[in-house]
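One file, query_22.pdb, is given below (PDB, N, CA, C and O atoms).
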ATOM      1  N   MET A   1      -9.729 -22.627   8.348
ATOM      2  CA  MET A   1      -8.815 -22.385   7.245
ATOM      3  C   MET A   1      -7.466 -23.014   7.611
ATOM      4  O   MET A   1      -6.981 -22.874   8.712
ATOM      5  N   SER A   2      -6.870 -23.680   6.676
ATOM      6  CA  SER A   2      -5.597 -24.339   6.967
ATOM      7  C   SER A   2      -4.465 -23.326   7.067
ATOM      8  O   SER A   2      -4.542 -22.220   6.539
ATOM      9  N   ALA A   3      -3.414 -23.722   7.759
ATOM     10  CA  ALA A   3      -2.266 -22.829   7.967
ATOM     11  C   ALA A   3      -1.573 -22.505   6.649
ATOM     12  O   ALA A   3      -1.077 -21.398   6.456
ATOM     13  N   VAL A   4      -1.546 -23.479   5.732
ATOM     14  CA  VAL A   4      -0.894 -23.251   4.433
ATOM     15  C   VAL A   4      -1.672 -22.211   3.643
ATOM     16  O   VAL A   4      -1.095 -21.294   3.071
ATOM     17  N   ARG A   5      -2.990 -22.358   3.635
ATOM     18  CA  ARG A   5      -3.822 -21.395   2.895
ATOM     19  C   ARG A   5      -3.700 -20.004   3.509
ATOM     20  O   ARG A   5      -3.615 -19.011   2.804
ATOM     21  N   GLN A   6      -3.707 -19.925   4.838
ATOM     22  CA  GLN A   6      -3.595 -18.633   5.505
ATOM     23  C   GLN A   6      -2.240 -17.987   5.204
ATOM     24  O   GLN A   6      -2.154 -16.784   5.008
ATOM     25  N   GLY A   7      -1.180 -18.800   5.128
ATOM     26  CA  GLY A   7       0.136 -18.273   4.771
ATOM     27  C   GLY A   7       0.176 -17.739   3.358
ATOM     28  O   GLY A   7       0.770 -16.694   3.094
ATOM     29  N   ARG A   8      -0.473 -18.441   2.440
ATOM     30  CA  ARG A   8      -0.531 -17.975   1.052
ATOM     31  C   ARG A   8      -1.323 -16.682   0.941
ATOM     32  O   ARG A   8      -0.959 -15.783   0.192
ATOM     33  N   ASP A   9      -2.434 -16.624   1.692
ATOM     34  CA  ASP A   9      -3.236 -15.397   1.681
ATOM     35  C   ASP A   9      -2.425 -14.210   2.210
ATOM     36  O   ASP A   9      -2.474 -13.126   1.647
ATOM     37  N   ALA A  10      -1.684 -14.429   3.280
ATOM     38  CA  ALA A  10      -0.866 -13.358   3.857
ATOM     39  C   ALA A  10       0.229 -12.943   2.892
ATOM     40  O   ALA A  10       0.519 -11.748   2.755
ATOM     41  N   ASP A  11       0.835 -13.914   2.208
ATOM     42  CA  ASP A  11       1.868 -13.579   1.222
ATOM     43  C   ASP A  11       1.275 -12.777   0.068
ATOM     44  O   ASP A  11       1.885 -11.825  -0.420
ATOM     45  N   GLY A  12       0.076 -13.147  -0.358
ATOM     46  CA  GLY A  12      -0.605 -12.409  -1.422
ATOM     47  C   GLY A  12      -0.928 -10.984  -1.004
ATOM     48  O   GLY A  12      -0.807 -10.049  -1.792
ATOM     49  N   MET A  13      -1.328 -10.822   0.244
ATOM     50  CA  MET A  13      -1.609  -9.481   0.757
ATOM     51  C   MET A  13      -0.336  -8.641   0.801
ATOM     52  O   MET A  13      -0.377  -7.443   0.518
ATOM     53  N   ALA A  14       0.777  -9.260   1.164
ATOM     54  CA  ALA A  14       2.047  -8.535   1.216
ATOM     55  C   ALA A  14       2.430  -8.024  -0.171
ATOM     56  O   ALA A  14       2.815  -6.867  -0.338
ATOM     57  N   VAL A  15       2.315  -8.890  -1.159
ATOM     58  CA  VAL A  15       2.652  -8.496  -2.536
ATOM     59  C   VAL A  15       1.672  -7.440  -3.044
ATOM     60  O   VAL A  15       2.078  -6.453  -3.664
ATOM     61  N   ALA A  16       0.380  -7.623  -2.755
ATOM     62  CA  ALA A  16      -0.628  -6.652  -3.194
ATOM     63  C   ALA A  16      -0.379  -5.285  -2.554
ATOM     64  O   ALA A  16      -0.523  -4.255  -3.221
ATOM     65  N   SER A  17       0.003  -5.269  -1.279
ATOM     66  CA  SER A  17       0.263  -3.979  -0.631
ATOM     67  C   SER A  17       1.446  -3.273  -1.280
ATOM     68  O   SER A  17       1.412  -2.054  -1.466
ATOM     69  N   PHE A  18       2.472  -4.030  -1.637
ATOM     70  CA  PHE A  18       3.634  -3.445  -2.309
ATOM     71  C   PHE A  18       3.230  -2.846  -3.665
ATOM     72  O   PHE A  18       3.570  -1.705  -3.979
ATOM     73  N   VAL A  19       2.487  -3.609  -4.442
ATOM     74  CA  VAL A  19       2.080  -3.148  -5.776
ATOM     75  C   VAL A  19       1.160  -1.934  -5.680
ATOM     76  O   VAL A  19       1.337  -0.944  -6.399
ATOM     77  N   LEU A  20       0.187  -1.986  -4.767
ATOM     78  CA  LEU A  20      -0.734  -0.855  -4.616
ATOM     79  C   LEU A  20      -0.009   0.386  -4.109
ATOM     80  O   LEU A  20      -0.297   1.502  -4.550
ATOM     81  N   GLY A  21       0.936   0.197  -3.199
ATOM     82  CA  GLY A  21       1.710   1.332  -2.708
ATOM     83  C   GLY A  21       2.543   1.967  -3.805
ATOM     84  O   GLY A  21       2.657   3.194  -3.899
ATOM     85  N   LEU A  22       3.119   1.124  -4.646
ATOM     86  CA  LEU A  22       3.928   1.627  -5.761
ATOM     87  C   LEU A  22       3.057   2.371  -6.772
ATOM     88  O   LEU A  22       3.410   3.470  -7.210
ATOM     89  N   LEU A  23       1.929   1.801  -7.126
ATOM     90  CA  LEU A  23       1.021   2.467  -8.064
ATOM     91  C   LEU A  23       0.458   3.759  -7.479
ATOM     92  O   LEU A  23       0.232   4.728  -8.195
ATOM     93  N   GLY A  24       0.249   3.757  -6.166
ATOM     94  CA  GLY A  24      -0.311   4.926  -5.511
ATOM     95  C   GLY A  24       0.589   6.143  -5.575
ATOM     96  O   GLY A  24       0.115   7.266  -5.420
ATOM     97  N   LEU A  25       1.869   5.939  -5.788
ATOM     98  CA  LEU A  25       2.758   7.091  -5.956
ATOM     99  C   LEU A  25       2.456   7.850  -7.238
ATOM    100  O   LEU A  25       2.768   9.030  -7.360
ATOM    101  N   LEU A  26       1.841   7.156  -8.200
ATOM    102  CA  LEU A  26       1.561   7.769  -9.490
ATOM    103  C   LEU A  26       0.109   8.213  -9.644
ATOM    104  O   LEU A  26      -0.162   9.267 -10.200
ATOM    105  N   VAL A  27      -0.822   7.377  -9.185
ATOM    106  CA  VAL A  27      -2.251   7.666  -9.372
ATOM    107  C   VAL A  27      -3.035   7.276  -8.127
ATOM    108  O   VAL A  27      -2.644   6.379  -7.391
ATOM    109  N   LEU A  28      -4.138   7.942  -7.900
ATOM    110  CA  LEU A  28      -5.098   7.595  -6.852
ATOM    111  C   LEU A  28      -4.473   7.405  -5.475
ATOM    112  O   LEU A  28      -4.768   6.445  -4.765
ATOM    113  N   ASN A  29      -3.625   8.341  -5.078
ATOM    114  CA  ASN A  29      -2.949   8.255  -3.777
ATOM    115  C   ASN A  29      -3.926   8.060  -2.637
ATOM    116  O   ASN A  29      -3.670   7.284  -1.722
ATOM    117  N   LEU A  30      -5.023   8.790  -2.674
ATOM    118  CA  LEU A  30      -5.977   8.798  -1.573
ATOM    119  C   LEU A  30      -6.656   7.443  -1.392
ATOM    120  O   LEU A  30      -7.060   7.088  -0.294
ATOM    121  N   VAL A  31      -6.752   6.662  -2.443
ATOM    122  CA  VAL A  31      -7.388   5.340  -2.373
ATOM    123  C   VAL A  31      -6.340   4.245  -2.177
ATOM    124  O   VAL A  31      -6.477   3.397  -1.289
ATOM    125  N   LEU A  32      -5.317   4.256  -3.005
ATOM    126  CA  LEU A  32      -4.343   3.163  -2.988
ATOM    127  C   LEU A  32      -3.414   3.202  -1.776
ATOM    128  O   LEU A  32      -2.989   2.142  -1.296
ATOM    129  N   GLY A  33      -3.114   4.374  -1.262
ATOM    130  CA  GLY A  33      -2.254   4.481  -0.090
ATOM    131  C   GLY A  33      -2.837   3.779   1.129
ATOM    132  O   GLY A  33      -2.200   2.894   1.710
ATOM    133  N   PRO A  34      -4.065   4.138   1.532
ATOM    134  CA  PRO A  34      -4.663   3.439   2.669
ATOM    135  C   PRO A  34      -4.875   1.949   2.436
ATOM    136  O   PRO A  34      -4.719   1.138   3.357
ATOM    137  N   LEU A  35      -5.224   1.551   1.199
ATOM    138  CA  LEU A  35      -5.360   0.126   0.903
ATOM    139  C   LEU A  35      -4.040  -0.607   1.108
ATOM    140  O   LEU A  35      -4.009  -1.711   1.662
ATOM    141  N   ALA A  36      -2.954  -0.008   0.661
ATOM    142  CA  ALA A  36      -1.637  -0.616   0.843
ATOM    143  C   ALA A  36      -1.294  -0.750   2.322
ATOM    144  O   ALA A  36      -0.763  -1.776   2.762
ATOM    145  N   ILE A  37      -1.628   0.264   3.103
ATOM    146  CA  ILE A  37      -1.344   0.226   4.540
ATOM    147  C   ILE A  37      -2.136  -0.889   5.222
ATOM    148  O   ILE A  37      -1.591  -1.663   6.009
ATOM    149  N   VAL A  38      -3.420  -0.987   4.905
ATOM    150  CA  VAL A  38      -4.268  -2.011   5.525
ATOM    151  C   VAL A  38      -3.806  -3.411   5.133
ATOM    152  O   VAL A  38      -3.694  -4.304   5.988
ATOM    153  N   LEU A  39      -3.536  -3.631   3.858
ATOM    154  CA  LEU A  39      -3.093  -4.957   3.416
ATOM    155  C   LEU A  39      -1.747  -5.336   4.031
ATOM    156  O   LEU A  39      -1.534  -6.486   4.412
ATOM    157  N   ALA A  40      -0.843  -4.378   4.130
ATOM    158  CA  ALA A  40       0.456  -4.656   4.743
ATOM    159  C   ALA A  40       0.297  -5.012   6.212
ATOM    160  O   ALA A  40       0.914  -5.968   6.702
ATOM    161  N   ALA A  41      -0.548  -4.276   6.919
ATOM    162  CA  ALA A  41      -0.772  -4.563   8.343
ATOM    163  C   ALA A  41      -1.395  -5.937   8.531
ATOM    164  O   ALA A  41      -0.985  -6.701   9.416
ATOM    165  N   LEU A  42      -2.370  -6.278   7.699
ATOM    166  CA  LEU A  42      -2.994  -7.604   7.790
ATOM    167  C   LEU A  42      -1.992  -8.716   7.492
ATOM    168  O   LEU A  42      -1.969  -9.745   8.160
ATOM    169  N   ALA A  43      -1.170  -8.512   6.464
ATOM    170  CA  ALA A  43      -0.168  -9.516   6.109
ATOM    171  C   ALA A  43       0.821  -9.721   7.246
ATOM    172  O   ALA A  43       1.173 -10.855   7.581
ATOM    173  N   LEU A  44       1.249  -8.637   7.866
ATOM    174  CA  LEU A  44       2.197  -8.746   8.976
ATOM    175  C   LEU A  44       1.547  -9.407  10.187
ATOM    176  O   LEU A  44       2.185 -10.215  10.873
ATOM    177  N   MET A  45       0.288  -9.089  10.457
ATOM    178  CA  MET A  45      -0.414  -9.699  11.590
ATOM    179  C   MET A  45      -0.635 -11.196  11.378
ATOM    180  O   MET A  45      -0.618 -11.968  12.326
ATOM    181  N   ARG A  46      -0.814 -11.602  10.121
ATOM    182  CA  ARG A  46      -1.063 -13.016   9.821
ATOM    183  C   ARG A  46       0.231 -13.808   9.624
ATOM    184  O   ARG A  46       0.183 -14.984   9.295
ATOM    185  N   GLY A  47       1.359 -13.158   9.795
ATOM    186  CA  GLY A  47       2.634 -13.855   9.735
ATOM    187  C   GLY A  47       3.091 -14.236   8.334
ATOM    188  O   GLY A  47       3.448 -15.387   8.088
ATOM    189  N   THR A  48       3.106 -13.293   7.450
ATOM    190  CA  THR A  48       3.544 -13.541   6.081
ATOM    191  C   THR A  48       5.016 -13.947   6.035
ATOM    192  O   THR A  48       5.812 -13.532   6.874
ATOM    193  N   GLY A  49       5.347 -14.726   5.052
ATOM    194  CA  GLY A  49       6.743 -15.080   4.812
ATOM    195  C   GLY A  49       7.469 -13.986   4.045
ATOM    196  O   GLY A  49       8.680 -14.018   3.888
ATOM    197  N   ARG A  50       6.730 -13.033   3.569
ATOM    198  CA  ARG A  50       7.283 -11.913   2.784
ATOM    199  C   ARG A  50       7.218 -10.626   3.602
ATOM    200  O   ARG A  50       6.621  -9.640   3.193
ATOM    201  N   ARG A  51       7.850 -10.657   4.751
ATOM    202  CA  ARG A  51       7.811  -9.515   5.665
ATOM    203  C   ARG A  51       8.419  -8.257   5.039
ATOM    204  O   ARG A  51       7.929  -7.160   5.251
ATOM    205  N   GLY A  52       9.479  -8.424   4.273
ATOM    206  CA  GLY A  52      10.111  -7.276   3.621
ATOM    207  C   GLY A  52       9.190  -6.612   2.624
ATOM    208  O   GLY A  52       9.099  -5.379   2.549
ATOM    209  N   ARG A  53       8.474  -7.435   1.861
ATOM    210  CA  ARG A  53       7.540  -6.888   0.873
ATOM    211  C   ARG A  53       6.387  -6.174   1.570
ATOM    212  O   ARG A  53       5.940  -5.123   1.136
ATOM    213  N   ALA A  54       5.908  -6.756   2.674
ATOM    214  CA  ALA A  54       4.827  -6.115   3.425
ATOM    215  C   ALA A  54       5.307  -4.798   4.039
ATOM    216  O   ALA A  54       4.578  -3.805   4.037
ATOM    217  N   ALA A  55       6.527  -4.780   4.545
ATOM    218  CA  ALA A  55       7.081  -3.549   5.130
ATOM    219  C   ALA A  55       7.229  -2.472   4.053
ATOM    220  O   ALA A  55       6.935  -1.293   4.300
ATOM    221  N   LEU A  56       7.669  -2.857   2.871
ATOM    222  CA  LEU A  56       7.757  -1.895   1.766
ATOM    223  C   LEU A  56       6.376  -1.386   1.371
ATOM    224  O   LEU A  56       6.205  -0.198   1.073
ATOM    225  N   GLY A  57       5.387  -2.270   1.361
ATOM    226  CA  GLY A  57       4.021  -1.852   1.059
ATOM    227  C   GLY A  57       3.507  -0.856   2.082
ATOM    228  O   GLY A  57       2.859   0.124   1.733
ATOM    229  N   LEU A  58       3.825  -1.100   3.352
ATOM    230  CA  LEU A  58       3.435  -0.179   4.418
ATOM    231  C   LEU A  58       4.120   1.172   4.235
ATOM    232  O   LEU A  58       3.479   2.227   4.306
ATOM    233  N   PHE A  59       5.412   1.150   3.970
ATOM    234  CA  PHE A  59       6.169   2.380   3.743
ATOM    235  C   PHE A  59       5.631   3.142   2.528
ATOM    236  O   PHE A  59       5.433   4.362   2.584
ATOM    237  N   LEU A  60       5.374   2.439   1.436
ATOM    238  CA  LEU A  60       4.884   3.103   0.224
ATOM    239  C   LEU A  60       3.475   3.654   0.415
ATOM    240  O   LEU A  60       3.138   4.712  -0.126
ATOM    241  N   GLY A  61       2.645   2.956   1.186
ATOM    242  CA  GLY A  61       1.309   3.458   1.482
ATOM    243  C   GLY A  61       1.356   4.769   2.239
ATOM    244  O   GLY A  61       0.626   5.714   1.936
ATOM    245  N   VAL A  62       2.245   4.841   3.216
ATOM    246  CA  VAL A  62       2.421   6.089   3.967
ATOM    247  C   VAL A  62       3.000   7.163   3.049
ATOM    248  O   VAL A  62       2.575   8.318   3.077
ATOM    249  N   ALA A  63       3.950   6.778   2.206
ATOM    250  CA  ALA A  63       4.549   7.733   1.266
ATOM    251  C   ALA A  63       3.496   8.282   0.301
ATOM    252  O   ALA A  63       3.545   9.467  -0.053
ATOM    253  N   ASP A  64       2.545   7.449  -0.105
ATOM    254  CA  ASP A  64       1.460   7.919  -0.980
ATOM    255  C   ASP A  64       0.712   9.073  -0.328
ATOM    256  O   ASP A  64       0.423  10.086  -0.971
ATOM    257  N   LEU A  65       0.395   8.904   0.942
ATOM    258  CA  LEU A  65      -0.364   9.941   1.648
ATOM    259  C   LEU A  65       0.472  11.190   1.881
ATOM    260  O   LEU A  65      -0.043  12.310   1.819
ATOM    261  N   VAL A  66       1.768  11.014   2.104
ATOM    262  CA  VAL A  66       2.656  12.176   2.285
ATOM    263  C   VAL A  66       2.772  12.947   0.972
ATOM    264  O   VAL A  66       2.687  14.180   0.956
ATOM    265  N   VAL A  67       2.941  12.222  -0.128
ATOM    266  CA  VAL A  67       3.031  12.876  -1.444
ATOM    267  C   VAL A  67       1.743  13.631  -1.730
ATOM    268  O   VAL A  67       1.765  14.777  -2.194
ATOM    269  N   LEU A  68       0.599  13.013  -1.438
ATOM    270  CA  LEU A  68      -0.680  13.690  -1.651
ATOM    271  C   LEU A  68      -0.770  14.960  -0.815
ATOM    272  O   LEU A  68      -1.165  16.015  -1.316
ATOM    273  N   ALA A  69      -0.385  14.881   0.447
ATOM    274  CA  ALA A  69      -0.461  16.049   1.334
ATOM    275  C   ALA A  69       0.455  17.169   0.851
ATOM    276  O   ALA A  69       0.060  18.343   0.838
ATOM    277  N   VAL A  70       1.651  16.836   0.446
ATOM    278  CA  VAL A  70       2.605  17.852  -0.003
ATOM    279  C   VAL A  70       2.140  18.498  -1.311
ATOM    280  O   VAL A  70       2.119  19.730  -1.432
ATOM    281  N   LEU A  71       1.762  17.688  -2.276
ATOM    282  CA  LEU A  71       1.361  18.244  -3.567
ATOM    283  C   LEU A  71       0.024  18.966  -3.486
ATOM    284  O   LEU A  71      -0.172  19.994  -4.137
ATOM    285  N   ALA A  72      -0.911  18.453  -2.694
ATOM    286  CA  ALA A  72      -2.190  19.144  -2.539
ATOM    287  C   ALA A  72      -2.003  20.439  -1.761
ATOM    288  O   ALA A  72      -2.654  21.447  -2.054
ATOM    289  N   GLY A  73      -1.114  20.431  -0.775
ATOM    290  CA  GLY A  73      -0.846  21.644  -0.012
ATOM    291  C   GLY A  73      -0.138  22.705  -0.825
ATOM    292  O   GLY A  73      -0.278  23.905  -0.562
ATOM    293  N   ALA A  74       0.613  22.284  -1.819
ATOM    294  CA  ALA A  74       1.358  23.233  -2.642
ATOM    295  C   ALA A  74       0.419  24.138  -3.445
ATOM    296  O   ALA A  74       0.735  25.304  -3.664
ATOM    297  N   ASP A  75      -0.737  23.595  -3.868
ATOM    298  CA  ASP A  75      -1.658  24.452  -4.621
ATOM    299  C   ASP A  75      -2.946  24.737  -3.851
ATOM    300  O   ASP A  75      -3.897  25.279  -4.407
ATOM    301  N   GLY A  76      -2.987  24.386  -2.563
ATOM    302  CA  GLY A  76      -4.106  24.766  -1.702
ATOM    303  C   GLY A  76      -5.423  24.067  -1.979
ATOM    304  O   GLY A  76      -6.473  24.582  -1.615
ATOM    305  N   THR A  77      -5.386  22.903  -2.603
ATOM    306  CA  THR A  77      -6.630  22.162  -2.868
ATOM    307  C   THR A  77      -6.527  20.775  -2.249
ATOM    308  O   THR A  77      -5.498  20.376  -1.729
ATOM    309  N   LEU A  78      -7.613  20.023  -2.331
ATOM    310  CA  LEU A  78      -7.614  18.649  -1.840
ATOM    311  C   LEU A  78      -7.236  17.642  -2.914
ATOM    312  O   LEU A  78      -7.301  16.450  -2.690
ATOM    313  N   SER A  79      -6.859  18.120  -4.070
ATOM    314  CA  SER A  79      -6.422  17.236  -5.148
ATOM    315  C   SER A  79      -5.207  17.861  -5.821
ATOM    316  O   SER A  79      -4.896  19.016  -5.603
ATOM    317  N   TRP A  80      -4.541  17.064  -6.605
ATOM    318  CA  TRP A  80      -3.379  17.585  -7.299
ATOM    319  C   TRP A  80      -3.325  16.959  -8.677
ATOM    320  O   TRP A  80      -3.934  15.927  -8.947
ATOM    321  N   GLY A  81      -2.584  17.578  -9.553
ATOM    322  CA  GLY A  81      -2.405  17.048 -10.910
ATOM    323  C   GLY A  81      -1.069  17.527 -11.460
ATOM    324  O   GLY A  81      -0.540  18.552 -11.055
ATOM    325  N   LEU A  82      -0.544  16.762 -12.375
ATOM    326  CA  LEU A  82       0.734  17.115 -12.977
ATOM    327  C   LEU A  82       0.597  18.194 -14.044
ATOM    328  O   LEU A  82       1.561  18.821 -14.423
ATOM    329  N   ALA A  83      -0.633  18.407 -14.529
ATOM    330  CA  ALA A  83      -0.850  19.355 -15.615
ATOM    331  C   ALA A  83      -0.766  20.812 -15.156
ATOM    332  O   ALA A  83      -0.631  21.711 -15.963
ATOM    333  N   GLY A  84      -0.816  21.030 -13.843
ATOM    334  CA  GLY A  84      -0.676  22.399 -13.355
ATOM    335  C   GLY A  84      -1.917  23.039 -13.049
ATOM    336  O   GLY A  84      -2.749  23.381 -12.586
TER     337      GLY A  84
END
Kindly return the structure encoded in the file as structure tokens.
Amino acid sequence: MSAVRQGRDADGMAVASFVLGLLGLLVLNLVLGPLAIVLAALALMRGTGRRGRAALGLFLGVADLVVLAVLAGADGTLSWGLAG
């Protein structure tokens, strides 16, 4: 694989991790949070030019899991919902 293609792939992973982490704050925390973390880690390992975006994706992925833990712990279940 060429270096240019690998750089583009890493940049795409960085952006995808950011978007998935952001969406995970609203829906599907348990799925999107870990995906954001994995994509951000891969992007950083592959030397993305969008390090800030990958770092935000990593942070948001972790935040997704923290939000899930806090809200699920508040009502004593493994899931949460806004409807109460």
Residues near Leu65 of chain A, anyone? I mean within 12 Å using only C-alpha atoms, not counting same-chain ones fewer than 2 positions away, as a ChimeraX atom specification.
/A:21-22,24-37,58-63,67-73,78-79
Please provide as a VMD selection string all residues within 9 Å of segment 8-10 of chain A, with the sequence filter that same-chain residues fewer than 3 positions apart are discarded (counting only C-alpha atoms).
chain A and resid 3 to 5 13 to 15 39 to 40 42 to 50
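Counting only C-alpha atoms, the residue from A:Val38, A:Ala54, A:Val66, A:Asp75 that sits nearest to Gly12 of chain A is A:Ala54.
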Can you list, as an NGL selection string, all residues belonging to segment 40-84 of chain A that DSSP tags as alpha helix (DSSP H)?
:A and (40-45 or 51-74)
Output N, CA, C and O atoms of each residue in that selection to a file, as a compact mmCIF listing (two decimals), in the coordinates of the input.
# COMPACT_ATOMS: atom_id res chain seq x y z
N ALA A 40 -0.84 -4.38 4.13
CA ALA A 40 0.46 -4.66 4.74
C ALA A 40 0.30 -5.01 6.21
O ALA A 40 0.91 -5.97 6.70
N ALA A 41 -0.55 -4.28 6.92
CA ALA A 41 -0.77 -4.56 8.34
C ALA A 41 -1.40 -5.94 8.53
O ALA A 41 -0.98 -6.70 9.42
N LEU A 42 -2.37 -6.28 7.70
CA LEU A 42 -2.99 -7.60 7.79
C LEU A 42 -1.99 -8.72 7.49
O LEU A 42 -1.97 -9.74 8.16
N ALA A 43 -1.17 -8.51 6.46
CA ALA A 43 -0.17 -9.52 6.11
C ALA A 43 0.82 -9.72 7.25
O ALA A 43 1.17 -10.86 7.58
N LEU A 44 1.25 -8.64 7.87
CA LEU A 44 2.20 -8.75 8.98
C LEU A 44 1.55 -9.41 10.19
O LEU A 44 2.18 -10.22 10.87
N MET A 45 0.29 -9.09 10.46
CA MET A 45 -0.41 -9.70 11.59
C MET A 45 -0.64 -11.20 11.38
O MET A 45 -0.62 -11.97 12.33
N ARG A 51 7.85 -10.66 4.75
CA ARG A 51 7.81 -9.52 5.66
C ARG A 51 8.42 -8.26 5.04
O ARG A 51 7.93 -7.16 5.25
N GLY A 52 9.48 -8.42 4.27
CA GLY A 52 10.11 -7.28 3.62
C GLY A 52 9.19 -6.61 2.62
O GLY A 52 9.10 -5.38 2.55
N ARG A 53 8.47 -7.44 1.86
CA ARG A 53 7.54 -6.89 0.87
C ARG A 53 6.39 -6.17 1.57
O ARG A 53 5.94 -5.12 1.14
N ALA A 54 5.91 -6.76 2.67
CA ALA A 54 4.83 -6.12 3.42
C ALA A 54 5.31 -4.80 4.04
O ALA A 54 4.58 -3.80 4.04
N ALA A 55 6.53 -4.78 4.54
CA ALA A 55 7.08 -3.55 5.13
C ALA A 55 7.23 -2.47 4.05
O ALA A 55 6.94 -1.29 4.30
N LEU A 56 7.67 -2.86 2.87
CA LEU A 56 7.76 -1.90 1.77
C LEU A 56 6.38 -1.39 1.37
O LEU A 56 6.20 -0.20 1.07
N GLY A 57 5.39 -2.27 1.36
CA GLY A 57 4.02 -1.85 1.06
C GLY A 57 3.51 -0.86 2.08
O GLY A 57 2.86 0.12 1.73
N LEU A 58 3.82 -1.10 3.35
CA LEU A 58 3.44 -0.18 4.42
C LEU A 58 4.12 1.17 4.24
O LEU A 58 3.48 2.23 4.31
N PHE A 59 5.41 1.15 3.97
CA PHE A 59 6.17 2.38 3.74
C PHE A 59 5.63 3.14 2.53
O PHE A 59 5.43 4.36 2.58
N LEU A 60 5.37 2.44 1.44
CA LEU A 60 4.88 3.10 0.22
C LEU A 60 3.48 3.65 0.42
O LEU A 60 3.14 4.71 -0.13
N GLY A 61 2.64 2.96 1.19
CA GLY A 61 1.31 3.46 1.48
C GLY A 61 1.36 4.77 2.24
O GLY A 61 0.63 5.71 1.94
N VAL A 62 2.24 4.84 3.22
CA VAL A 62 2.42 6.09 3.97
C VAL A 62 3.00 7.16 3.05
O VAL A 62 2.58 8.32 3.08
N ALA A 63 3.95 6.78 2.21
CA ALA A 63 4.55 7.73 1.27
C ALA A 63 3.50 8.28 0.30
O ALA A 63 3.54 9.47 -0.05
N ASP A 64 2.54 7.45 -0.10
CA ASP A 64 1.46 7.92 -0.98
C ASP A 64 0.71 9.07 -0.33
O ASP A 64 0.42 10.09 -0.97
N LEU A 65 0.40 8.90 0.94
CA LEU A 65 -0.36 9.94 1.65
C LEU A 65 0.47 11.19 1.88
O LEU A 65 -0.04 12.31 1.82
N VAL A 66 1.77 11.01 2.10
CA VAL A 66 2.66 12.18 2.28
C VAL A 66 2.77 12.95 0.97
O VAL A 66 2.69 14.18 0.96
N VAL A 67 2.94 12.22 -0.13
CA VAL A 67 3.03 12.88 -1.44
C VAL A 67 1.74 13.63 -1.73
O VAL A 67 1.76 14.78 -2.19
N LEU A 68 0.60 13.01 -1.44
CA LEU A 68 -0.68 13.69 -1.65
C LEU A 68 -0.77 14.96 -0.82
O LEU A 68 -1.16 16.02 -1.32
N ALA A 69 -0.38 14.88 0.45
CA ALA A 69 -0.46 16.05 1.33
C ALA A 69 0.46 17.17 0.85
O ALA A 69 0.06 18.34 0.84
N VAL A 70 1.65 16.84 0.45
CA VAL A 70 2.60 17.85 0.00
C VAL A 70 2.14 18.50 -1.31
O VAL A 70 2.12 19.73 -1.43
N LEU A 71 1.76 17.69 -2.28
CA LEU A 71 1.36 18.24 -3.57
C LEU A 71 0.02 18.97 -3.49
O LEU A 71 -0.17 19.99 -4.14
N ALA A 72 -0.91 18.45 -2.69
CA ALA A 72 -2.19 19.14 -2.54
C ALA A 72 -2.00 20.44 -1.76
O ALA A 72 -2.65 21.45 -2.05
N GLY A 73 -1.11 20.43 -0.78
CA GLY A 73 -0.85 21.64 -0.01
C GLY A 73 -0.14 22.70 -0.82
O GLY A 73 -0.28 23.90 -0.56
N ALA A 74 0.61 22.28 -1.82
CA ALA A 74 1.36 23.23 -2.64
C ALA A 74 0.42 24.14 -3.44
O ALA A 74 0.74 25.30 -3.66
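Counting from atom N of Arg53 of chain A, the distance to atom CA of Phe18 of chain A is 7.5 Å.
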Pop segment 20-39 of chain A out of the structure in the block and write C-alpha atoms as a PDB file, in the first residue's frame.
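Output saved as result03.pdb:
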ATOM      1  CA  LEU A  20     -18.853   8.118  15.754  1.00  0.00           C
ATOM      2  CA  GLY A  21     -17.790   9.456  19.142  1.00  0.00           C
ATOM      3  CA  LEU A  22     -20.045  12.468  18.730  1.00  0.00           C
ATOM      4  CA  LEU A  23     -23.022  10.367  17.642  1.00  0.00           C
ATOM      5  CA  GLY A  24     -22.348   7.927  20.459  1.00  0.00           C
ATOM      6  CA  LEU A  25     -23.133  10.611  23.006  1.00  0.00           C
ATOM      7  CA  LEU A  26     -26.708  10.529  21.743  1.00  0.00           C
ATOM      8  CA  VAL A  27     -27.367   6.944  20.616  1.00  0.00           C
ATOM      9  CA  LEU A  28     -25.807   3.482  20.813  1.00  0.00           C
ATOM     10  CA  ASN A  29     -23.073   4.399  23.302  1.00  0.00           C
ATOM     11  CA  LEU A  30     -22.118   0.778  23.841  1.00  0.00           C
ATOM     12  CA  VAL A  31     -21.401   0.240  20.128  1.00  0.00           C
ATOM     13  CA  LEU A  32     -20.209   3.613  18.866  1.00  0.00           C
ATOM     14  CA  GLY A  33     -17.959   4.432  21.827  1.00  0.00           C
ATOM     15  CA  PRO A  34     -15.627   1.449  21.418  1.00  0.00           C
ATOM     16  CA  LEU A  35     -15.648   1.868  17.622  1.00  0.00           C
ATOM     17  CA  ALA A  36     -14.545   5.479  18.023  1.00  0.00           C
ATOM     18  CA  ILE A  37     -11.767   4.433  20.402  1.00  0.00           C
ATOM     19  CA  VAL A  38     -10.461   1.723  18.064  1.00  0.00           C
ATOM     20  CA  LEU A  39     -10.553   3.946  14.973  1.00  0.00           C
TER      21      LEU A  39
END
